[in-house]
$ cat model-v8.pdb   # PDB, C-alpha atoms, pLDDT in the B column
ATOM      1  CA  PRO A   1     157.472  81.311 131.887  1.00 55.00           C
ATOM      2  CA  ALA A   2     161.111  80.363 132.057  1.00 65.00           C
ATOM      3  CA  ALA A   3     161.998  76.708 132.516  1.00 69.00           C
ATOM      4  CA  GLY A   4     161.213  75.523 136.023  1.00 71.00           C
ATOM      5  CA  GLU A   5     159.162  78.597 137.021  1.00 78.00           C
ATOM      6  CA  GLU A   6     155.564  78.258 138.124  1.00 79.00           C
ATOM      7  CA  LEU A   7     152.811  80.489 136.849  1.00 74.00           C
ATOM      8  CA  SER A   8     151.306  82.789 139.450  1.00 77.00           C
ATOM      9  CA  GLY A   9     148.094  83.081 137.416  1.00 82.00           C
ATOM     10  CA  VAL A  10     146.602  82.886 133.963  1.00 81.00           C
ATOM     11  CA  PHE A  11     144.002  85.333 132.698  1.00 87.00           C
ATOM     12  CA  GLN A  12     142.132  85.132 129.433  1.00 89.00           C
ATOM     13  CA  GLU A  13     140.520  88.055 127.601  1.00 92.00           C
ATOM     14  CA  MET A  14     138.631  87.130 124.446  1.00 93.00           C
ATOM     15  CA  LEU A  15     136.656  88.970 121.796  1.00 92.00           C
ATOM     16  CA  LYS A  16     134.278  86.789 119.816  1.00 92.00           C
ATOM     17  CA  PHE A  17     132.790  88.123 116.590  1.00 90.00           C
ATOM     18  CA  GLU A  18     129.912  86.179 115.018  1.00 90.00           C
ATOM     19  CA  CYS A  19     128.027  86.680 111.775  1.00 88.00           C
ATOM     20  CA  HIS A  20     124.730  84.823 111.477  1.00 88.00           C
ATOM     21  CA  PHE A  21     123.402  84.444 107.918  1.00 84.00           C
ATOM     22  CA  ILE A  22     119.730  83.656 107.469  1.00 82.00           C
ATOM     23  CA  ASN A  23     118.715  82.566 103.967  1.00 80.00           C
ATOM     24  CA  GLY A  24     122.052  83.490 102.400  1.00 75.00           C
ATOM     25  CA  THR A  25     122.662  87.177 102.927  1.00 75.00           C
ATOM     26  CA  GLU A  26     118.969  88.095 102.912  1.00 82.00           C
ATOM     27  CA  ARG A  27     119.087  88.675 106.668  1.00 87.00           C
ATOM     28  CA  VAL A  28     122.374  89.118 108.542  1.00 89.00           C
ATOM     29  CA  ARG A  29     122.908  89.375 112.280  1.00 91.00           C
ATOM     30  CA  ASN A  30     126.143  90.350 114.012  1.00 91.00           C
ATOM     31  CA  VAL A  31     126.978  89.426 117.608  1.00 94.00           C
ATOM     32  CA  LEU A  32     130.085  90.732 119.353  1.00 93.00           C
ATOM     33  CA  ARG A  33     130.972  89.123 122.708  1.00 95.00           C
ATOM     34  CA  LYS A  34     133.589  90.170 125.283  1.00 95.00           C
ATOM     35  CA  ILE A  35     134.659  87.300 127.525  1.00 95.00           C
ATOM     36  CA  TYR A  36     136.991  87.331 130.514  1.00 93.00           C
ATOM     37  CA  ASN A  37     138.116  84.009 132.063  1.00 91.00           C
ATOM     38  CA  ARG A  38     135.335  82.093 130.277  1.00 90.00           C
ATOM     39  CA  GLU A  39     132.590  84.477 131.426  1.00 94.00           C
ATOM     40  CA  GLN A  40     130.814  86.724 128.955  1.00 96.00           C
ATOM     41  CA  TYR A  41     130.536  90.130 130.550  1.00 96.00           C
ATOM     42  CA  VAL A  42     129.223  92.331 127.728  1.00 97.00           C
ATOM     43  CA  HIS A  43     127.852  91.788 124.233  1.00 96.00           C
ATOM     44  CA  PHE A  44     126.528  93.686 121.226  1.00 96.00           C
ATOM     45  CA  ASP A  45     123.742  92.236 119.095  1.00 95.00           C
ATOM     46  CA  SER A  46     122.967  94.050 115.835  1.00 93.00           C
ATOM     47  CA  ASP A  47     119.287  93.149 116.262  1.00 93.00           C
ATOM     48  CA  VAL A  48     119.253  95.080 119.569  1.00 94.00           C
ATOM     49  CA  GLY A  49     121.615  97.865 118.425  1.00 94.00           C
ATOM     50  CA  VAL A  50     123.259  98.601 121.787  1.00 95.00           C
ATOM     51  CA  PHE A  51     125.793  96.991 124.099  1.00 96.00           C
ATOM     52  CA  VAL A  52     124.266  94.927 126.908  1.00 97.00           C
ATOM     53  CA  GLY A  53     126.054  94.138 130.160  1.00 96.00           C
ATOM     54  CA  ASP A  54     125.866  90.495 131.198  1.00 97.00           C
ATOM     55  CA  THR A  55     127.536  91.058 134.578  1.00 96.00           C
ATOM     56  CA  PRO A  56     127.825  94.090 136.875  1.00 96.00           C
ATOM     57  CA  TYR A  57     131.355  94.564 135.499  1.00 94.00           C
ATOM     58  CA  GLY A  58     130.003  94.413 131.936  1.00 95.00           C
ATOM     59  CA  GLU A  59     127.209  96.878 132.680  1.00 97.00           C
ATOM     60  CA  LYS A  60     129.860  99.561 133.288  1.00 96.00           C
ATOM     61  CA  PHE A  61     131.371  98.903 129.856  1.00 94.00           C
ATOM     62  CA  ALA A  62     127.955  98.825 128.184  1.00 96.00           C
ATOM     63  CA  LYS A  63     127.026 102.177 129.724  1.00 97.00           C
ATOM     64  CA  LYS A  64     130.333 103.738 128.624  1.00 96.00           C
ATOM     65  CA  TRP A  65     130.243 102.317 125.080  1.00 94.00           C
ATOM     66  CA  ASN A  66     126.559 103.152 124.553  1.00 96.00           C
ATOM     67  CA  SER A  67     127.274 106.789 125.472  1.00 96.00           C
ATOM     68  CA  ASP A  68     130.001 107.022 122.780  1.00 94.00           C
ATOM     69  CA  GLN A  69     127.947 107.564 119.602  1.00 94.00           C
ATOM     70  CA  GLU A  70     130.936 107.113 117.293  1.00 94.00           C
ATOM     71  CA  TRP A  71     131.818 103.722 118.814  1.00 91.00           C
ATOM     72  CA  LEU A  72     128.154 102.670 118.793  1.00 93.00           C
ATOM     73  CA  GLU A  73     127.761 103.575 115.100  1.00 92.00           C
ATOM     74  CA  TYR A  74     130.935 101.642 114.305  1.00 91.00           C
ATOM     75  CA  ALA A  75     129.577  98.542 116.099  1.00 92.00           C
ATOM     76  CA  ARG A  76     126.255  98.898 114.250  1.00 92.00           C
ATOM     77  CA  SER A  77     128.034  99.209 110.884  1.00 91.00           C
ATOM     78  CA  LEU A  78     129.916  95.903 111.273  1.00 88.00           C
ATOM     79  CA  VAL A  79     126.847  93.931 110.217  1.00 88.00           C
ATOM     80  CA  ASP A  80     126.963  95.689 106.829  1.00 87.00           C
ATOM     81  CA  THR A  81     130.737  95.915 106.380  1.00 86.00           C
ATOM     82  CA  CYS A  82     132.387  92.799 107.826  1.00 84.00           C
ATOM     83  CA  CYS A  83     129.716  90.125 107.619  1.00 84.00           C
ATOM     84  CA  PRO A  84     128.928  90.304 103.868  1.00 81.00           C
ATOM     85  CA  GLN A  85     132.655  90.319 103.056  1.00 79.00           C
ATOM     86  CA  ASN A  86     133.198  87.172 105.128  1.00 77.00           C
ATOM     87  CA  TYR A  87     130.194  85.504 103.513  1.00 78.00           C
ATOM     88  CA  LYS A  88     131.660  86.110 100.043  1.00 75.00           C
ATOM     89  CA  LEU A  89     135.058  84.905 101.211  1.00 76.00           C
ATOM     90  CA  TYR A  90     133.950  81.667 102.887  1.00 71.00           C
ATOM     91  CA  THR A  91     130.938  80.481 100.857  1.00 70.00           C
ATOM     92  CA  PRO A  92     133.110  78.421  98.481  1.00 62.00           C
ATOM     93  CA  PHE A  93     133.887  76.256 101.511  1.00 58.00           C
ATOM     94  CA  PRO A  94     131.261  74.217 103.376  1.00 52.00           C
ATOM     95  CA  VAL A  95     129.621  76.688 105.746  1.00 50.00           C
ATOM     96  CA  GLU A  96     126.644  74.592 106.737  1.00 53.00           C
ATOM     97  CA  ARG A  97     126.581  71.079 108.109  1.00 53.00           C
ATOM     98  CA  ARG A  98     125.553  68.734 105.354  1.00 58.00           C
ATOM     99  CA  GLU A  99     123.975  65.324 105.795  1.00 64.00           C
ATOM    100  CA  MET A 100     125.926  62.385 104.377  1.00 63.00           C
ATOM    101  CA  PRO A 101     124.223  60.090 101.876  1.00 71.00           C
ATOM    102  CA  PRO A 102     123.031  56.811 103.462  1.00 73.00           C
ATOM    103  CA  ASP A 103     125.520  54.741 101.410  1.00 76.00           C
ATOM    104  CA  THR A 104     128.436  56.778 102.773  1.00 77.00           C
ATOM    105  CA  VAL A 105     127.222  56.363 106.350  1.00 73.00           C
ATOM    106  CA  ARG A 106     126.791  52.612 105.864  1.00 76.00           C
ATOM    107  CA  SER A 107     130.279  52.215 104.355  1.00 81.00           C
ATOM    108  CA  LYS A 108     131.853  54.224 107.198  1.00 79.00           C
ATOM    109  CA  ILE A 109     130.135  51.967 109.740  1.00 81.00           C
ATOM    110  CA  LEU A 110     131.340  48.840 107.930  1.00 80.00           C
ATOM    111  CA  VAL A 111     134.912  50.145 107.779  1.00 83.00           C
ATOM    112  CA  GLY A 112     134.797  50.942 111.497  1.00 83.00           C
ATOM    113  CA  VAL A 113     133.394  47.542 112.446  1.00 84.00           C
ATOM    114  CA  GLY A 114     135.887  45.793 110.137  1.00 84.00           C
ATOM    115  CA  GLY A 115     138.781  47.663 111.744  1.00 84.00           C
ATOM    116  CA  PHE A 116     137.539  46.754 115.213  1.00 83.00           C
ATOM    117  CA  VAL A 117     137.248  43.041 114.339  1.00 85.00           C
ATOM    118  CA  LEU A 118     140.680  43.044 112.681  1.00 86.00           C
ATOM    119  CA  GLY A 119     142.133  44.716 115.784  1.00 85.00           C
ATOM    120  CA  LEU A 120     140.600  42.029 118.002  1.00 87.00           C
ATOM    121  CA  VAL A 121     142.071  39.288 115.808  1.00 87.00           C
ATOM    122  CA  PHE A 122     145.586  40.765 116.057  1.00 85.00           C
ATOM    123  CA  LEU A 123     145.185  41.377 119.793  1.00 87.00           C
ATOM    124  CA  THR A 124     144.161  37.744 120.313  1.00 89.00           C
ATOM    125  CA  LEU A 125     147.050  36.437 118.178  1.00 88.00           C
ATOM    126  CA  GLY A 126     149.571  38.669 119.936  1.00 87.00           C
ATOM    127  CA  LEU A 127     148.293  37.676 123.377  1.00 87.00           C
ATOM    128  CA  GLY A 128     148.411  34.001 122.371  1.00 88.00           C
ATOM    129  CA  PHE A 129     152.028  34.234 121.184  1.00 86.00           C
ATOM    130  CA  TYR A 130     153.000  36.197 124.310  1.00 84.00           C
ATOM    131  CA  LEU A 131     151.471  33.653 126.689  1.00 87.00           C
ATOM    132  CA  ARG A 132     152.974  30.748 124.716  1.00 86.00           C
ATOM    133  CA  GLU A 133     156.472  32.291 124.918  1.00 86.00           C
ATOM    134  CA  LYS A 134     156.035  33.132 128.585  1.00 85.00           C
ATOM    135  CA  SER A 135     155.080  29.564 129.516  1.00 82.00           C
ATOM    136  CA  SER A 136     158.076  28.067 127.620  1.00 72.00           C
TER     137      SER A 136
END
$ encode --input "model-v8.pdb" --output "structure tokens"
Amino acid sequence: PAAGEELSGVFQEMLKFECHFINGTERVRNVLRKIYNREQYVHFDSDVGVFVGDTPYGEKFAKKWNSDQEWLEYARSLVDTCCPQNYKLYTPFPVERREMPPDTVRSKILVGVGGFVLGLVFLTLGLGFYLREKSS
């Protein structure tokens, strides 16, 4: 909006595309979610193979999209076309959460505690100087 104008409303439409990889690319699952104002109203799961309405509004879309064979085949093909390509693209980067070695965890804790103690020391010194100047 222009400067000084108030919004009369904000609406959010979101498409969320997920690829789930089980044991590398041995088993791949694709989930497509349509969300309006934080509420999922329809989704497609490659394991199910059809669109499923999550709300009465979404059921209308699911019925329409499931009756369009070309659109349904396209949605089904995404698990074989998009997901493997993304897996190849992003596997050089950490895809899974990895546990830190115990020594790393311990050193991070010590650094955090040391920083906290050092902060308290400087806070105490600063407060002391402030009160001393204020009373003079």
$ closest_residue --input "model-v8.pdb" --among "A:Phe17, A:Phe44, A:Trp71, A:Phe11" --to "Asn86 (chain A)" --atoms "only C-alpha atoms"
A:Phe17
$ atom_distance --input "model-v8.pdb" --atom1 "CA of Ser77 (chain A)" --atom2 "CA of Gly49 (chain A)"
10.0 Å
$ axis_aligned_box --input "model-v8.pdb" --around "region 111-119 of chain A" --padding-each-side "8 Å" --output "lines of an AutoDock Vina configuration file"
center_x = 137.8
center_y = 47.0
center_z = 111.8
size_x = 24.7
size_y = 23.9
size_z = 24.0
$ atom_distance --input "model-v8.pdb" --atom1 "CA of Tyr130 (chain A)" --atom2 "CA of Gly112 (chain A)"
26.7 Å
$ atom_distance --input "model-v8.pdb" --atom1 "CA of Ser107 (chain A)" --atom2 "CA of Gly126 (chain A)"
28.3 Å
$ resolve_selection --input "model-v8.pdb" --expression "the PyMOL selection byres ((chain A and resi 58) around 12)" --output "PDB file with C-alpha atoms, keeping the file's coordinate frame"
ATOM      1  CA  ARG A  33     130.972  89.123 122.708  1.00 95.00           C
ATOM      2  CA  LYS A  34     133.589  90.170 125.283  1.00 95.00           C
ATOM      3  CA  ILE A  35     134.659  87.300 127.525  1.00 95.00           C
ATOM      4  CA  TYR A  36     136.991  87.331 130.514  1.00 93.00           C
ATOM      5  CA  GLU A  39     132.590  84.477 131.426  1.00 94.00           C
ATOM      6  CA  GLN A  40     130.814  86.724 128.955  1.00 96.00           C
ATOM      7  CA  TYR A  41     130.536  90.130 130.550  1.00 96.00           C
ATOM      8  CA  VAL A  42     129.223  92.331 127.728  1.00 97.00           C
ATOM      9  CA  HIS A  43     127.852  91.788 124.233  1.00 96.00           C
ATOM     10  CA  PHE A  44     126.528  93.686 121.226  1.00 96.00           C
ATOM     11  CA  PHE A  51     125.793  96.991 124.099  1.00 96.00           C
ATOM     12  CA  VAL A  52     124.266  94.927 126.908  1.00 97.00           C
ATOM     13  CA  GLY A  53     126.054  94.138 130.160  1.00 96.00           C
ATOM     14  CA  ASP A  54     125.866  90.495 131.198  1.00 97.00           C
ATOM     15  CA  THR A  55     127.536  91.058 134.578  1.00 96.00           C
ATOM     16  CA  PRO A  56     127.825  94.090 136.875  1.00 96.00           C
ATOM     17  CA  TYR A  57     131.355  94.564 135.499  1.00 94.00           C
ATOM     18  CA  GLU A  59     127.209  96.878 132.680  1.00 97.00           C
ATOM     19  CA  LYS A  60     129.860  99.561 133.288  1.00 96.00           C
ATOM     20  CA  PHE A  61     131.371  98.903 129.856  1.00 94.00           C
ATOM     21  CA  ALA A  62     127.955  98.825 128.184  1.00 96.00           C
ATOM     22  CA  LYS A  63     127.026 102.177 129.724  1.00 97.00           C
ATOM     23  CA  LYS A  64     130.333 103.738 128.624  1.00 96.00           C
ATOM     24  CA  TRP A  65     130.243 102.317 125.080  1.00 94.00           C
ATOM     25  CA  ASN A  66     126.559 103.152 124.553  1.00 96.00           C
TER      26      ASN A  66
END
$ residues_near_point --input "model-v8.pdb" --point "(124.6, 89.3, 110.9)" --cutoff "12 Å" --atoms "all atoms listed in the file" --output "NGL selection string"
:A and (17-32 or 44-49 or 75-87)
$ closest_residue --input "model-v8.pdb" --among "A:Leu125, A:Val50, A:Gly115, A:Leu15" --to "Arg38 (chain A)" --atoms "only C-alpha atoms"
A:Leu15
$ decode --input "model-v8.pdb" --residues "region 118-130 of chain A" --atoms "all heavy atoms" --output "PDB file, in the first residue's frame"
ATOM      1  N   LEU A 118      30.965 -13.913  31.241  1.00  0.00           N
ATOM      2  CA  LEU A 118      31.657 -12.699  30.850  1.00  0.00           C
ATOM      3  C   LEU A 118      30.669 -11.527  30.746  1.00  0.00           C
ATOM      4  O   LEU A 118      30.962 -10.411  31.185  1.00  0.00           O
ATOM      5  CB  LEU A 118      32.370 -12.916  29.512  1.00  0.00           C
ATOM      6  CG  LEU A 118      33.352 -11.852  29.072  1.00  0.00           C
ATOM      7  CD1 LEU A 118      34.459 -11.658  30.101  1.00  0.00           C
ATOM      8  CD2 LEU A 118      33.943 -12.217  27.725  1.00  0.00           C
ATOM      9  N   GLY A 119      29.489 -11.782  30.216  1.00  0.00           N
ATOM     10  CA  GLY A 119      28.456 -10.755  30.139  1.00  0.00           C
ATOM     11  C   GLY A 119      28.042 -10.275  31.514  1.00  0.00           C
ATOM     12  O   GLY A 119      27.850  -9.073  31.734  1.00  0.00           O
ATOM     13  N   LEU A 120      27.895 -11.208  32.462  1.00  0.00           N
ATOM     14  CA  LEU A 120      27.544 -10.821  33.834  1.00  0.00           C
ATOM     15  C   LEU A 120      28.630  -9.967  34.473  1.00  0.00           C
ATOM     16  O   LEU A 120      28.328  -8.998  35.188  1.00  0.00           O
ATOM     17  CB  LEU A 120      27.299 -12.065  34.685  1.00  0.00           C
ATOM     18  CG  LEU A 120      25.952 -12.746  34.508  1.00  0.00           C
ATOM     19  CD1 LEU A 120      25.884 -13.999  35.383  1.00  0.00           C
ATOM     20  CD2 LEU A 120      24.817 -11.817  34.874  1.00  0.00           C
ATOM     21  N   VAL A 121      29.888 -10.317  34.215  1.00  0.00           N
ATOM     22  CA  VAL A 121      31.003  -9.541  34.777  1.00  0.00           C
ATOM     23  C   VAL A 121      30.936  -8.101  34.258  1.00  0.00           C
ATOM     24  O   VAL A 121      31.023  -7.149  35.035  1.00  0.00           O
ATOM     25  CB  VAL A 121      32.362 -10.201  34.432  1.00  0.00           C
ATOM     26  CG1 VAL A 121      33.525  -9.255  34.726  1.00  0.00           C
ATOM     27  CG2 VAL A 121      32.530 -11.510  35.186  1.00  0.00           C
ATOM     28  N   PHE A 122      30.789  -7.928  32.938  1.00  0.00           N
ATOM     29  CA  PHE A 122      30.727  -6.578  32.379  1.00  0.00           C
ATOM     30  C   PHE A 122      29.474  -5.831  32.826  1.00  0.00           C
ATOM     31  O   PHE A 122      29.509  -4.623  33.052  1.00  0.00           O
ATOM     32  CB  PHE A 122      30.805  -6.625  30.844  1.00  0.00           C
ATOM     33  CG  PHE A 122      32.213  -6.809  30.347  1.00  0.00           C
ATOM     34  CD1 PHE A 122      32.582  -7.987  29.720  1.00  0.00           C
ATOM     35  CD2 PHE A 122      33.157  -5.817  30.510  1.00  0.00           C
ATOM     36  CE1 PHE A 122      33.872  -8.167  29.264  1.00  0.00           C
ATOM     37  CE2 PHE A 122      34.455  -5.979  30.055  1.00  0.00           C
ATOM     38  CZ  PHE A 122      34.819  -7.169  29.435  1.00  0.00           C
ATOM     39  N   LEU A 123      28.366  -6.523  32.975  1.00  0.00           N
ATOM     40  CA  LEU A 123      27.146  -5.885  33.472  1.00  0.00           C
ATOM     41  C   LEU A 123      27.360  -5.382  34.890  1.00  0.00           C
ATOM     42  O   LEU A 123      26.996  -4.249  35.221  1.00  0.00           O
ATOM     43  CB  LEU A 123      25.968  -6.883  33.436  1.00  0.00           C
ATOM     44  CG  LEU A 123      24.647  -6.363  33.980  1.00  0.00           C
ATOM     45  CD1 LEU A 123      24.097  -5.272  33.075  1.00  0.00           C
ATOM     46  CD2 LEU A 123      23.657  -7.488  34.123  1.00  0.00           C
ATOM     47  N   THR A 124      27.974  -6.207  35.734  1.00  0.00           N
ATOM     48  CA  THR A 124      28.238  -5.812  37.122  1.00  0.00           C
ATOM     49  C   THR A 124      29.193  -4.617  37.180  1.00  0.00           C
ATOM     50  O   THR A 124      28.959  -3.664  37.934  1.00  0.00           O
ATOM     51  CB  THR A 124      28.823  -7.008  37.912  1.00  0.00           C
ATOM     52  OG1 THR A 124      27.948  -8.112  37.769  1.00  0.00           O
ATOM     53  CG2 THR A 124      28.988  -6.682  39.375  1.00  0.00           C
ATOM     54  N   LEU A 125      30.269  -4.666  36.391  1.00  0.00           N
ATOM     55  CA  LEU A 125      31.222  -3.546  36.370  1.00  0.00           C
ATOM     56  C   LEU A 125      30.544  -2.262  35.887  1.00  0.00           C
ATOM     57  O   LEU A 125      30.723  -1.194  36.480  1.00  0.00           O
ATOM     58  CB  LEU A 125      32.406  -3.871  35.457  1.00  0.00           C
ATOM     59  CG  LEU A 125      33.456  -4.826  36.025  1.00  0.00           C
ATOM     60  CD1 LEU A 125      34.437  -5.210  34.933  1.00  0.00           C
ATOM     61  CD2 LEU A 125      34.189  -4.174  37.190  1.00  0.00           C
ATOM     62  N   GLY A 126      29.785  -2.357  34.813  1.00  0.00           N
ATOM     63  CA  GLY A 126      29.108  -1.184  34.276  1.00  0.00           C
ATOM     64  C   GLY A 126      28.122  -0.605  35.261  1.00  0.00           C
ATOM     65  O   GLY A 126      28.031   0.617  35.447  1.00  0.00           O
ATOM     66  N   LEU A 127      27.350  -1.467  35.928  1.00  0.00           N
ATOM     67  CA  LEU A 127      26.385  -1.018  36.926  1.00  0.00           C
ATOM     68  C   LEU A 127      27.103  -0.367  38.106  1.00  0.00           C
ATOM     69  O   LEU A 127      26.665   0.671  38.617  1.00  0.00           O
ATOM     70  CB  LEU A 127      25.528  -2.197  37.392  1.00  0.00           C
ATOM     71  CG  LEU A 127      24.324  -1.883  38.249  1.00  0.00           C
ATOM     72  CD1 LEU A 127      23.370  -0.942  37.518  1.00  0.00           C
ATOM     73  CD2 LEU A 127      23.607  -3.164  38.632  1.00  0.00           C
ATOM     74  N   GLY A 128      28.228  -0.957  38.508  1.00  0.00           N
ATOM     75  CA  GLY A 128      29.017  -0.379  39.607  1.00  0.00           C
ATOM     76  C   GLY A 128      29.513   1.010  39.279  1.00  0.00           C
ATOM     77  O   GLY A 128      29.390   1.942  40.093  1.00  0.00           O
ATOM     78  N   PHE A 129      30.106   1.185  38.088  1.00  0.00           N
ATOM     79  CA  PHE A 129      30.588   2.503  37.664  1.00  0.00           C
ATOM     80  C   PHE A 129      29.440   3.508  37.560  1.00  0.00           C
ATOM     81  O   PHE A 129      29.562   4.663  37.948  1.00  0.00           O
ATOM     82  CB  PHE A 129      31.340   2.422  36.328  1.00  0.00           C
ATOM     83  CG  PHE A 129      32.724   1.840  36.454  1.00  0.00           C
ATOM     84  CD1 PHE A 129      33.086   0.730  35.706  1.00  0.00           C
ATOM     85  CD2 PHE A 129      33.667   2.401  37.300  1.00  0.00           C
ATOM     86  CE1 PHE A 129      34.354   0.193  35.803  1.00  0.00           C
ATOM     87  CE2 PHE A 129      34.942   1.875  37.417  1.00  0.00           C
ATOM     88  CZ  PHE A 129      35.292   0.769  36.662  1.00  0.00           C
ATOM     89  N   TYR A 130      28.296   3.074  37.040  1.00  0.00           N
ATOM     90  CA  TYR A 130      27.141   3.946  36.885  1.00  0.00           C
ATOM     91  C   TYR A 130      26.654   4.441  38.246  1.00  0.00           C
ATOM     92  O   TYR A 130      26.420   5.634  38.445  1.00  0.00           O
ATOM     93  CB  TYR A 130      26.021   3.207  36.148  1.00  0.00           C
ATOM     94  CG  TYR A 130      24.715   3.973  36.111  1.00  0.00           C
ATOM     95  CD1 TYR A 130      24.542   5.048  35.261  1.00  0.00           C
ATOM     96  CD2 TYR A 130      23.665   3.614  36.954  1.00  0.00           C
ATOM     97  CE1 TYR A 130      23.355   5.752  35.242  1.00  0.00           C
ATOM     98  CE2 TYR A 130      22.473   4.305  36.941  1.00  0.00           C
ATOM     99  CZ  TYR A 130      22.320   5.382  36.083  1.00  0.00           C
ATOM    100  OH  TYR A 130      21.147   6.079  36.073  1.00  0.00           O
TER     101      TYR A 130
END
